[in-house]
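Just below is one structure, and these are the notes that go with it.
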Amino acid sequence: MIQRHALLALLALTAPLTLSCLDVAEGRARRDLEVGKASRGQARVAVDEGLAAIRRLEPGALSLWASAPALSMRLTDEAGGPWTITIENMLADAELSARVGDERVPVELVEAPHPTQRTFRLSLPPGAEAALSLRPPDEARLEPWRFAVFADVQEKIDSVQDIYAKMNEAEGVRFALISGDLTSRGSLEQLERFQREMKTLRFPCYATLGNHELGTRDDLYHEWFGRGNFSFPFRGVQFTMLDSASATIDPRAYGWLDGWLAEGRERLHVVTMHLAPLDPVGSRNGAFASRAEANKLLTMLADGRVDLTFYGHIHSFYAFENAGIPAYISGGGGAIPERLDGIGRHFVTVDVEPPGRIAQVAVVRVD
């Protein structure tokens with residue numbers, strides 16, 4: 001009986017820890033659903049698809065951190081009056097339009113201190129629900145263009161400007177994807193520092209999180225960067241970012257992925273996450289915890305006609321295939337590199353030729 005009581009006591013002590021370990025991806029997926037929604041006083045805002053983190057909502061002031069090159073949102077103000085709307089991590093040529101019902105609302109562009117910050121002023125009548133649309137002029141253009149990919153900056157944040165300077169030299173890059181491990185511990189100070197360092201870039205970066213963002217409070221990532229799972233179209237390409245930071249993907253995200261695969265079926269489709277479903281080498285702890293789940297995800301991506309996949313986590317560069325889909329690991333953002341691989345710090349550029357061709361994936365070395 002004593003042994004039984006001791007066992008029950010041990011189970012009671014360890015149950016919260018066990019449940020939290022099993023529940024970590026689920027908690028982040030639930031938080032995804034709350035991103036892009038806020039209310040304060042008589043003002044409410046809702047960003048379509050949760051594609052921006054709401055950093056500030058006060059009477060007459062709204063600040064967002066964007067997760068996509070185009071945003072649609074609804075802003076309701078019972079009191080009415082002037083508003084200043086600031087969107088960070090946005091393309092430098094994005095333009096804001098606003099409507100209340102069928103009436104167009106005049107919008108004033110305000111000079112901003114950084115290339116990826118856009119600030120606008122407008123005035124709303126009392127009780128109005130304004131439909132706001134922020135879009136770059138080339139959103140639907142089907143001409144050749146380029147984006148970049150990188151990951152795993154971690155403890156090398158002090159020298160990340162070397163990478164950003166090289167990225168700024170790369171011709172024609174519209175934005176970059178970050179496949180996780182922006183920081184070493186995911187602390188408030190590190191997330192704030194990472195965003196501050198990004199302001200030297202001439203283009204925005206759309207990120208999902210890695211396992212290192214789970215080091216302190218993983219809810220901080222959502223407050224600063226927004227959703228871990230999201231998808232958006234741009235210039236003939238569907239981009240899908242998945243949260244695999246816990247070596248798994250939450251069932252909710254699989255449901256969202258079904259819809260995103262359908263949306264991107266007639267476009268080029270690029271899927272990005274931190275941990276790859278299967279490690280291309282196979283001798284490291286660099287992939288999903290379950291090979292059955294890895295096979296499930298790869299089957300979905302193949303059936304959904306995904307054209308290209310990007311991963312991080314492994315601090316090197318690998319080009320391979322998963323389920324017949326071209327796959328690349330680019331983990332050269334600065335974290336401790338694989339020894340003797342000859343790669344070093346790097347990022348990747350991707351040349352797109354819409355409507356249906358990836359022309360080139362190229363490694364750009366920094367060191």
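Each chain in the structure tokens gets a letter, A, B and so on, in the order shown; residues start at 1 in every chain, and ligands are counted from 1 in the order they appear.
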Within 8 Å of Leu134 of chain A using only C-alpha atoms, minus same-chain residues under 4 positions, as a PDB file with N, CA and C atoms, in the first residue's frame:
ATOM      1  N   ALA A  70       1.156  41.194 -47.985  1.00  0.00           N
ATOM      2  CA  ALA A  70      -0.127  41.870 -48.184  1.00  0.00           C
ATOM      3  C   ALA A  70      -1.035  41.546 -47.005  1.00  0.00           C
ATOM      4  N   LEU A  71      -1.731  42.549 -46.503  1.00  0.00           N
ATOM      5  CA  LEU A  71      -2.601  42.378 -45.342  1.00  0.00           C
ATOM      6  C   LEU A  71      -3.972  42.976 -45.614  1.00  0.00           C
ATOM      7  N   SER A  72      -5.002  42.314 -45.084  1.00  0.00           N
ATOM      8  CA  SER A  72      -6.351  42.864 -45.046  1.00  0.00           C
ATOM      9  C   SER A  72      -6.823  42.806 -43.603  1.00  0.00           C
ATOM     10  N   ALA A  94       4.592  49.101 -50.214  1.00  0.00           N
ATOM     11  CA  ALA A  94       3.205  48.721 -49.935  1.00  0.00           C
ATOM     12  C   ALA A  94       2.352  49.965 -49.697  1.00  0.00           C
ATOM     13  N   GLU A  95       1.133  49.932 -50.199  1.00  0.00           N
ATOM     14  CA  GLU A  95       0.230  51.074 -50.104  1.00  0.00           C
ATOM     15  C   GLU A  95      -1.033  50.673 -49.341  1.00  0.00           C
ATOM     16  N   LEU A  96      -1.495  51.582 -48.488  1.00  0.00           N
ATOM     17  CA  LEU A  96      -2.692  51.324 -47.691  1.00  0.00           C
ATOM     18  C   LEU A  96      -3.901  52.006 -48.322  1.00  0.00           C
ATOM     19  N   SER A  97      -4.985  51.248 -48.469  1.00  0.00           N
ATOM     20  CA  SER A  97      -6.273  51.817 -48.858  1.00  0.00           C
ATOM     21  C   SER A  97      -7.278  51.512 -47.763  1.00  0.00           C
TER      22      SER A  97
END
Selection: 9 Å around segment 313-326 of chain A, only C-alpha atoms, excl. self and same-chain fewer than 4 positions, as a compact mmCIF listing (two decimals) with N, CA and C atoms, in the first residue's frame:
# COMPACT_ATOMS: atom_id res chain seq x y z
N ALA A 151 18.31 30.66 -41.67
CA ALA A 151 17.86 30.16 -40.36
C ALA A 151 19.04 30.08 -39.42
N ASP A 152 18.73 29.85 -38.14
CA ASP A 152 19.72 29.48 -37.12
C ASP A 152 20.78 30.55 -36.88
N SER A 179 13.54 30.04 -41.37
CA SER A 179 13.02 28.74 -40.94
C SER A 179 13.48 28.39 -39.53
N GLY A 180 13.32 29.34 -38.60
CA GLY A 180 13.46 29.05 -37.19
C GLY A 180 14.82 29.30 -36.58
N ASP A 181 14.86 29.20 -35.24
CA ASP A 181 16.04 29.45 -34.41
C ASP A 181 16.62 30.84 -34.68
N GLY A 210 11.76 28.06 -34.25
CA GLY A 210 12.53 26.84 -34.09
C GLY A 210 12.55 26.40 -32.64
N ASN A 211 13.23 25.30 -32.37
CA ASN A 211 13.24 24.77 -31.01
C ASN A 211 13.88 25.73 -30.01
N HIS A 274 11.08 24.38 -39.49
CA HIS A 274 12.40 24.30 -38.85
C HIS A 274 13.00 22.90 -38.96
N LEU A 275 12.42 21.93 -38.25
CA LEU A 275 12.93 20.57 -38.34
C LEU A 275 12.35 19.87 -39.56
N ALA A 276 13.20 19.24 -40.33
CA ALA A 276 12.75 18.48 -41.48
C ALA A 276 12.04 17.21 -41.02
N PRO A 277 11.06 16.72 -41.78
CA PRO A 277 10.42 15.46 -41.41
C PRO A 277 11.43 14.31 -41.31
N LEU A 278 12.36 14.25 -42.26
CA LEU A 278 13.41 13.22 -42.26
C LEU A 278 14.76 13.89 -42.42
N ASP A 279 15.72 13.49 -41.61
CA ASP A 279 17.08 14.00 -41.70
C ASP A 279 17.75 13.42 -42.95
N PRO A 280 18.35 14.24 -43.80
CA PRO A 280 18.96 13.70 -45.02
C PRO A 280 20.15 12.79 -44.75
N GLY A 286 17.92 15.27 -35.93
CA GLY A 286 17.60 16.47 -36.69
C GLY A 286 16.33 16.37 -37.49
N ALA A 287 15.35 15.61 -37.00
CA ALA A 287 14.12 15.40 -37.77
C ALA A 287 12.95 15.17 -36.82
N ASN A 295 6.31 10.53 -42.53
CA ASN A 295 5.76 9.98 -43.77
C ASN A 295 4.37 10.55 -44.07
N LEU A 298 4.95 14.15 -45.44
CA LEU A 298 5.52 14.14 -46.79
C LEU A 298 4.52 13.65 -47.82
N THR A 299 3.69 12.69 -47.42
CA THR A 299 2.64 12.23 -48.34
C THR A 299 1.66 13.35 -48.64
N LEU A 301 2.31 16.59 -48.57
CA LEU A 301 2.98 17.58 -49.40
C LEU A 301 3.10 17.10 -50.84
N ALA A 302 3.42 15.82 -51.01
CA ALA A 302 3.53 15.27 -52.36
C ALA A 302 2.17 15.24 -53.06
N ARG A 305 1.06 18.53 -54.32
CA ARG A 305 1.87 19.07 -55.41
C ARG A 305 2.73 20.25 -54.97
N VAL A 306 3.33 20.11 -53.77
CA VAL A 306 4.28 21.11 -53.30
C VAL A 306 5.54 21.03 -54.16
N ASP A 307 6.09 22.18 -54.50
CA ASP A 307 7.21 22.25 -55.43
C ASP A 307 8.57 22.34 -54.77
N LEU A 308 8.62 22.86 -53.53
CA LEU A 308 9.91 23.15 -52.93
C LEU A 308 9.74 23.22 -51.42
N THR A 309 10.71 22.66 -50.67
CA THR A 309 10.66 22.72 -49.21
C THR A 309 11.98 23.24 -48.67
N SER A 330 19.05 25.05 -44.93
CA SER A 330 19.94 26.21 -44.89
C SER A 330 19.99 26.71 -43.45
N GLY A 331 20.93 26.19 -42.68
CA GLY A 331 21.06 26.55 -41.27
C GLY A 331 22.32 27.32 -40.98
N GLY A 332 22.69 28.20 -41.90
CA GLY A 332 23.96 28.90 -41.79
C GLY A 332 23.87 30.32 -41.30
N GLY A 333 22.91 30.61 -40.42
CA GLY A 333 22.75 31.98 -39.93
C GLY A 333 23.77 32.40 -38.90
N GLY A 334 24.62 31.48 -38.44
CA GLY A 334 25.66 31.84 -37.49
C GLY A 334 25.85 30.87 -36.35
N ALA A 335 24.86 30.02 -36.06
CA ALA A 335 25.00 29.06 -34.97
C ALA A 335 26.16 28.11 -35.26
N ILE A 336 26.65 27.45 -34.22
CA ILE A 336 27.84 26.60 -34.33
C ILE A 336 27.71 25.67 -35.52
N PRO A 337 28.60 25.78 -36.52
CA PRO A 337 28.43 25.02 -37.76
C PRO A 337 28.87 23.56 -37.63
N GLU A 338 28.40 22.74 -38.54
CA GLU A 338 28.93 21.38 -38.63
C GLU A 338 30.42 21.46 -38.96
N ASP A 341 32.58 20.97 -42.84
CA ASP A 341 31.68 20.87 -43.99
C ASP A 341 32.01 21.90 -45.07
N GLY A 342 32.83 22.89 -44.72
CA GLY A 342 33.27 23.87 -45.71
C GLY A 342 32.20 24.84 -46.14
N ILE A 343 31.09 24.92 -45.39
CA ILE A 343 29.99 25.80 -45.80
C ILE A 343 30.05 27.14 -45.07
N GLY A 344 30.04 27.11 -43.74
CA GLY A 344 30.07 28.35 -42.97
C GLY A 344 28.75 29.11 -43.06
N ARG A 345 28.82 30.36 -42.64
CA ARG A 345 27.60 31.18 -42.66
C ARG A 345 27.17 31.44 -44.10
N HIS A 346 25.86 31.39 -44.29
CA HIS A 346 25.34 31.55 -45.65
C HIS A 346 23.84 31.82 -45.60
N VAL A 363 23.35 29.17 -53.17
CA VAL A 363 23.93 29.45 -51.86
C VAL A 363 24.79 30.71 -51.97
TODO: For segment 347-360 of chain A, list every protein, DNA or RNA residue within 8 Å, evaluated using only C-alpha atoms, and leave out those in the same chain fewer than 2 positions away; present the list as a PyMOL selection string.
DONE: chain A and resi 142-151+163+173+235-237+267-268+330+332-333+345+362-366
Only N, CA and C atoms, please: the residues just picked out, written as an mmCIF file, in the first residue's frame.
data_model
loop_
_atom_site.group_PDB
_atom_site.id
_atom_site.type_symbol
_atom_site.label_atom_id
_atom_site.label_comp_id
_atom_site.auth_asym_id
_atom_site.auth_seq_id
_atom_site.Cartn_x
_atom_site.Cartn_y
_atom_site.Cartn_z
ATOM 1 N N LEU A 142 3.127 38.428 -62.603
ATOM 2 C CA LEU A 142 3.733 37.140 -62.968
ATOM 3 C C LEU A 142 4.958 37.388 -63.831
ATOM 4 N N GLU A 143 6.004 37.867 -63.174
ATOM 5 C CA GLU A 143 7.295 38.107 -63.803
ATOM 6 C C GLU A 143 8.372 37.491 -62.922
ATOM 7 N N PRO A 144 9.560 37.218 -63.466
ATOM 8 C CA PRO A 144 10.626 36.638 -62.647
ATOM 9 C C PRO A 144 10.943 37.510 -61.427
ATOM 10 N N TRP A 145 11.179 36.847 -60.302
ATOM 11 C CA TRP A 145 11.531 37.566 -59.080
ATOM 12 C C TRP A 145 12.321 36.649 -58.164
ATOM 13 N N ARG A 146 12.739 37.174 -57.026
ATOM 14 C CA ARG A 146 13.660 36.439 -56.148
ATOM 15 C C ARG A 146 13.283 36.641 -54.686
ATOM 16 N N PHE A 147 13.423 35.551 -53.906
ATOM 17 C CA PHE A 147 13.342 35.660 -52.452
ATOM 18 C C PHE A 147 14.537 34.951 -51.833
ATOM 19 N N ALA A 148 14.738 35.124 -50.537
ATOM 20 C CA ALA A 148 15.874 34.532 -49.832
ATOM 21 C C ALA A 148 15.374 33.667 -48.682
ATOM 22 N N VAL A 149 16.251 32.787 -48.187
ATOM 23 C CA VAL A 149 15.931 31.899 -47.065
ATOM 24 C C VAL A 149 17.160 31.804 -46.165
ATOM 25 N N PHE A 150 16.941 31.854 -44.842
ATOM 26 C CA PHE A 150 18.030 31.581 -43.904
ATOM 27 C C PHE A 150 17.439 31.108 -42.585
ATOM 28 N N ALA A 151 18.312 30.665 -41.672
ATOM 29 C CA ALA A 151 17.862 30.160 -40.364
ATOM 30 C C ALA A 151 19.042 30.082 -39.417
ATOM 31 N N ILE A 163 25.626 39.142 -42.342
ATOM 32 C CA ILE A 163 24.690 38.448 -43.230
ATOM 33 C C ILE A 163 23.725 39.445 -43.864
ATOM 34 N N VAL A 173 15.920 40.783 -54.344
ATOM 35 C CA VAL A 173 15.243 40.035 -53.279
ATOM 36 C C VAL A 173 14.059 40.856 -52.765
ATOM 37 N N ARG A 235 2.902 36.749 -56.033
ATOM 38 C CA ARG A 235 3.494 36.681 -57.366
ATOM 39 C C ARG A 235 3.550 35.261 -57.926
ATOM 40 N N GLY A 236 2.417 34.576 -57.856
ATOM 41 C CA GLY A 236 2.311 33.255 -58.442
ATOM 42 C C GLY A 236 2.807 32.116 -57.583
ATOM 43 N N VAL A 237 3.175 32.403 -56.328
ATOM 44 C CA VAL A 237 3.699 31.376 -55.420
ATOM 45 C C VAL A 237 2.872 31.365 -54.142
ATOM 46 N N ARG A 267 -0.689 26.941 -58.078
ATOM 47 C CA ARG A 267 0.472 27.827 -58.032
ATOM 48 C C ARG A 267 1.720 27.010 -57.724
ATOM 49 N N LEU A 268 2.880 27.594 -57.929
ATOM 50 C CA LEU A 268 4.066 27.072 -57.275
ATOM 51 C C LEU A 268 3.831 27.127 -55.769
ATOM 52 N N SER A 330 19.053 25.053 -44.925
ATOM 53 C CA SER A 330 19.944 26.210 -44.887
ATOM 54 C C SER A 330 19.990 26.707 -43.454
ATOM 55 N N GLY A 332 22.692 28.203 -41.900
ATOM 56 C CA GLY A 332 23.965 28.905 -41.792
ATOM 57 C C GLY A 332 23.874 30.324 -41.301
ATOM 58 N N GLY A 333 22.913 30.615 -40.416
ATOM 59 C CA GLY A 333 22.751 31.977 -39.928
ATOM 60 C C GLY A 333 23.766 32.405 -38.896
ATOM 61 N N ARG A 345 28.819 30.365 -42.639
ATOM 62 C CA ARG A 345 27.603 31.181 -42.661
ATOM 63 C C ARG A 345 27.174 31.444 -44.101
ATOM 64 N N ALA A 362 20.319 29.115 -55.047
ATOM 65 C CA ALA A 362 21.757 29.380 -54.979
ATOM 66 C C ALA A 362 22.182 29.682 -53.547
ATOM 67 N N VAL A 363 23.346 29.165 -53.170
ATOM 68 C CA VAL A 363 23.933 29.451 -51.861
ATOM 69 C C VAL A 363 24.791 30.709 -51.969
ATOM 70 N N VAL A 364 24.571 31.646 -51.061
ATOM 71 C CA VAL A 364 25.391 32.859 -50.988
ATOM 72 C C VAL A 364 26.197 32.777 -49.698
ATOM 73 N N ARG A 365 27.501 32.642 -49.829
ATOM 74 C CA ARG A 365 28.368 32.505 -48.656
ATOM 75 C C ARG A 365 28.661 33.876 -48.058
ATOM 76 N N VAL A 366 28.719 33.906 -46.734
ATOM 77 C CA VAL A 366 29.023 35.145 -46.020
ATOM 78 C C VAL A 366 30.462 35.145 -45.532
#
TODO: Identify, on the basis of only C-alpha atoms, every residue whose closest approach to Leu261 of chain A does not exceed 9 Å; exclude the query and any residue fewer than 5 positions from it along the same chain; express the result as number ranges by chain.
DONE: A: 238, 240, 256, 269, 300-301, 303-306
Could you write out the selected residues, including N, CA and C atoms, as an mmCIF file, in the first residue's frame?
data_model
loop_
_atom_site.group_PDB
_atom_site.id
_atom_site.type_symbol
_atom_site.label_atom_id
_atom_site.label_comp_id
_atom_site.auth_asym_id
_atom_site.auth_seq_id
_atom_site.Cartn_x
_atom_site.Cartn_y
_atom_site.Cartn_z
ATOM 1 N N GLN A 238 2.520 30.169 -53.680
ATOM 2 C CA GLN A 238 1.918 29.998 -52.360
ATOM 3 C C GLN A 238 3.042 29.694 -51.381
ATOM 4 N N THR A 240 3.903 28.609 -47.496
ATOM 5 C CA THR A 240 3.328 28.042 -46.277
ATOM 6 C C THR A 240 4.435 27.837 -45.257
ATOM 7 N N TRP A 256 -5.264 22.983 -41.109
ATOM 8 C CA TRP A 256 -5.010 24.205 -41.882
ATOM 9 C C TRP A 256 -4.238 23.889 -43.156
ATOM 10 N N HIS A 269 4.307 26.113 -55.051
ATOM 11 C CA HIS A 269 4.053 26.077 -53.611
ATOM 12 C C HIS A 269 5.363 25.792 -52.887
ATOM 13 N N MET A 300 1.290 14.116 -47.620
ATOM 14 C CA MET A 300 0.403 15.264 -47.843
ATOM 15 C C MET A 300 1.036 16.278 -48.790
ATOM 16 N N LEU A 301 2.308 16.585 -48.566
ATOM 17 C CA LEU A 301 2.976 17.582 -49.402
ATOM 18 C C LEU A 301 3.098 17.101 -50.843
ATOM 19 N N ASP A 303 1.147 14.770 -52.352
ATOM 20 C CA ASP A 303 -0.198 14.738 -52.940
ATOM 21 C C ASP A 303 -0.711 16.146 -53.235
ATOM 22 N N GLY A 304 -0.276 17.113 -52.428
ATOM 23 C CA GLY A 304 -0.681 18.500 -52.633
ATOM 24 C C GLY A 304 0.141 19.229 -53.670
ATOM 25 N N ARG A 305 1.058 18.527 -54.317
ATOM 26 C CA ARG A 305 1.867 19.069 -55.410
ATOM 27 C C ARG A 305 2.730 20.246 -54.967
ATOM 28 N N VAL A 306 3.327 20.108 -53.775
ATOM 29 C CA VAL A 306 4.285 21.107 -53.302
ATOM 30 C C VAL A 306 5.538 21.033 -54.164
#
Task: Expected answer as a PyMOL selection string: strand (DSSP E) residues in segment 83-222 of chain A - done: chain A and resi 83-88+95-100+103-105+108-110+118-124+128-135+145-150+173-179+205-208
May I have the residues from that selection written out with N, CA and C atoms, as a compact mmCIF listing (two decimals), in the first residue's frame?
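Contents of out_12.txt, freshly written:
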# COMPACT_ATOMS: atom_id res chain seq x y z
N TRP A 83 -6.44 58.38 -36.70
CA TRP A 83 -5.68 57.17 -36.39
C TRP A 83 -4.30 57.24 -37.06
N THR A 84 -3.30 56.74 -36.34
CA THR A 84 -1.97 56.50 -36.90
C THR A 84 -1.75 54.99 -36.91
N ILE A 85 -1.50 54.45 -38.09
CA ILE A 85 -1.33 53.00 -38.26
C ILE A 85 0.09 52.73 -38.72
N THR A 86 0.82 51.94 -37.94
CA THR A 86 2.22 51.61 -38.24
C THR A 86 2.34 50.12 -38.47
N ILE A 87 2.92 49.74 -39.59
CA ILE A 87 3.13 48.33 -39.92
C ILE A 87 4.62 48.12 -40.11
N GLU A 88 5.21 47.29 -39.26
CA GLU A 88 6.62 46.93 -39.40
C GLU A 88 6.74 45.60 -40.13
N GLU A 95 1.13 49.93 -50.20
CA GLU A 95 0.23 51.07 -50.10
C GLU A 95 -1.03 50.67 -49.34
N LEU A 96 -1.49 51.58 -48.49
CA LEU A 96 -2.69 51.32 -47.69
C LEU A 96 -3.90 52.01 -48.32
N SER A 97 -4.99 51.25 -48.47
CA SER A 97 -6.27 51.82 -48.86
C SER A 97 -7.28 51.51 -47.76
N ALA A 98 -8.26 52.39 -47.61
CA ALA A 98 -9.25 52.24 -46.54
C ALA A 98 -10.63 52.60 -47.06
N ARG A 99 -11.62 51.81 -46.62
CA ARG A 99 -13.01 52.07 -47.00
C ARG A 99 -13.92 51.89 -45.79
N VAL A 100 -14.92 52.73 -45.71
CA VAL A 100 -16.02 52.55 -44.77
C VAL A 100 -17.27 52.39 -45.61
N GLU A 103 -17.57 54.03 -49.19
CA GLU A 103 -16.84 55.30 -49.23
C GLU A 103 -15.35 55.08 -48.99
N ARG A 104 -14.56 55.66 -49.86
CA ARG A 104 -13.11 55.60 -49.71
C ARG A 104 -12.66 56.61 -48.65
N VAL A 105 -11.76 56.20 -47.77
CA VAL A 105 -11.24 57.06 -46.71
C VAL A 105 -9.86 57.57 -47.13
N GLU A 108 -3.01 59.19 -45.54
CA GLU A 108 -1.77 59.97 -45.68
C GLU A 108 -0.58 59.09 -45.30
N LEU A 109 0.44 59.04 -46.17
CA LEU A 109 1.67 58.32 -45.87
C LEU A 109 2.59 59.22 -45.05
N VAL A 110 3.14 58.66 -43.96
CA VAL A 110 4.04 59.39 -43.08
C VAL A 110 5.45 58.81 -43.23
N ARG A 118 6.08 51.05 -42.52
CA ARG A 118 5.14 51.91 -43.23
C ARG A 118 4.18 52.51 -42.20
N THR A 119 4.03 53.83 -42.23
CA THR A 119 3.17 54.53 -41.29
C THR A 119 2.17 55.39 -42.06
N PHE A 120 0.91 55.31 -41.65
CA PHE A 120 -0.16 56.02 -42.35
C PHE A 120 -1.05 56.72 -41.33
N ARG A 121 -1.70 57.79 -41.79
CA ARG A 121 -2.70 58.48 -40.98
C ARG A 121 -4.02 58.51 -41.74
N LEU A 122 -5.10 58.35 -40.99
CA LEU A 122 -6.44 58.47 -41.56
C LEU A 122 -7.40 58.86 -40.44
N SER A 123 -8.62 59.19 -40.81
CA SER A 123 -9.63 59.57 -39.83
C SER A 123 -10.90 58.78 -40.08
N LEU A 124 -11.49 58.25 -39.01
CA LEU A 124 -12.69 57.43 -39.12
C LEU A 124 -13.88 58.12 -38.47
N ALA A 128 -17.66 53.59 -37.05
CA ALA A 128 -17.30 53.03 -38.36
C ALA A 128 -16.52 51.73 -38.21
N GLU A 129 -16.77 50.81 -39.15
CA GLU A 129 -15.90 49.66 -39.35
C GLU A 129 -15.19 49.87 -40.68
N ALA A 130 -13.89 50.09 -40.60
CA ALA A 130 -13.10 50.37 -41.80
C ALA A 130 -12.45 49.09 -42.30
N ALA A 131 -12.54 48.86 -43.60
CA ALA A 131 -11.81 47.77 -44.25
C ALA A 131 -10.50 48.33 -44.76
N LEU A 132 -9.39 47.83 -44.22
CA LEU A 132 -8.06 48.30 -44.58
C LEU A 132 -7.35 47.25 -45.41
N SER A 133 -6.68 47.68 -46.45
CA SER A 133 -5.94 46.76 -47.33
C SER A 133 -4.56 47.34 -47.58
N LEU A 134 -3.53 46.59 -47.21
CA LEU A 134 -2.14 47.01 -47.40
C LEU A 134 -1.49 46.06 -48.39
N ARG A 135 -1.10 46.57 -49.56
CA ARG A 135 -0.64 45.70 -50.64
C ARG A 135 0.48 46.37 -51.43
N TRP A 145 11.18 36.85 -60.30
CA TRP A 145 11.53 37.57 -59.08
C TRP A 145 12.32 36.65 -58.16
N ARG A 146 12.74 37.17 -57.03
CA ARG A 146 13.66 36.44 -56.15
C ARG A 146 13.28 36.64 -54.69
N PHE A 147 13.42 35.55 -53.91
CA PHE A 147 13.34 35.66 -52.45
C PHE A 147 14.54 34.95 -51.83
N ALA A 148 14.74 35.12 -50.54
CA ALA A 148 15.87 34.53 -49.83
C ALA A 148 15.37 33.67 -48.68
N VAL A 149 16.25 32.79 -48.19
CA VAL A 149 15.93 31.90 -47.07
C VAL A 149 17.16 31.80 -46.17
N PHE A 150 16.94 31.85 -44.84
CA PHE A 150 18.03 31.58 -43.90
C PHE A 150 17.44 31.11 -42.59
N VAL A 173 15.92 40.78 -54.34
CA VAL A 173 15.24 40.03 -53.28
C VAL A 173 14.06 40.86 -52.77
N ARG A 174 12.86 40.27 -52.82
CA ARG A 174 11.67 40.97 -52.33
C ARG A 174 11.45 40.75 -50.83
N PHE A 175 11.72 39.53 -50.36
CA PHE A 175 11.64 39.26 -48.93
C PHE A 175 12.42 37.99 -48.64
N ALA A 176 12.61 37.71 -47.34
CA ALA A 176 13.29 36.48 -46.92
C ALA A 176 12.36 35.66 -46.04
N LEU A 177 12.57 34.35 -46.07
CA LEU A 177 11.92 33.42 -45.15
C LEU A 177 12.95 33.00 -44.11
N ILE A 178 12.52 32.90 -42.85
CA ILE A 178 13.40 32.43 -41.77
C ILE A 178 12.80 31.14 -41.23
N SER A 179 13.54 30.04 -41.37
CA SER A 179 13.02 28.74 -40.94
C SER A 179 13.48 28.39 -39.53
N CYS A 205 11.25 40.04 -43.49
CA CYS A 205 11.53 38.61 -43.31
C CYS A 205 10.32 37.98 -42.62
N TYR A 206 9.83 36.89 -43.19
CA TYR A 206 8.67 36.18 -42.65
C TYR A 206 9.15 34.87 -42.04
N ALA A 207 8.87 34.69 -40.74
CA ALA A 207 9.52 33.63 -39.97
C ALA A 207 8.52 32.65 -39.38
N THR A 208 9.02 31.42 -39.17
CA THR A 208 8.40 30.50 -38.24
C THR A 208 9.42 30.23 -37.15
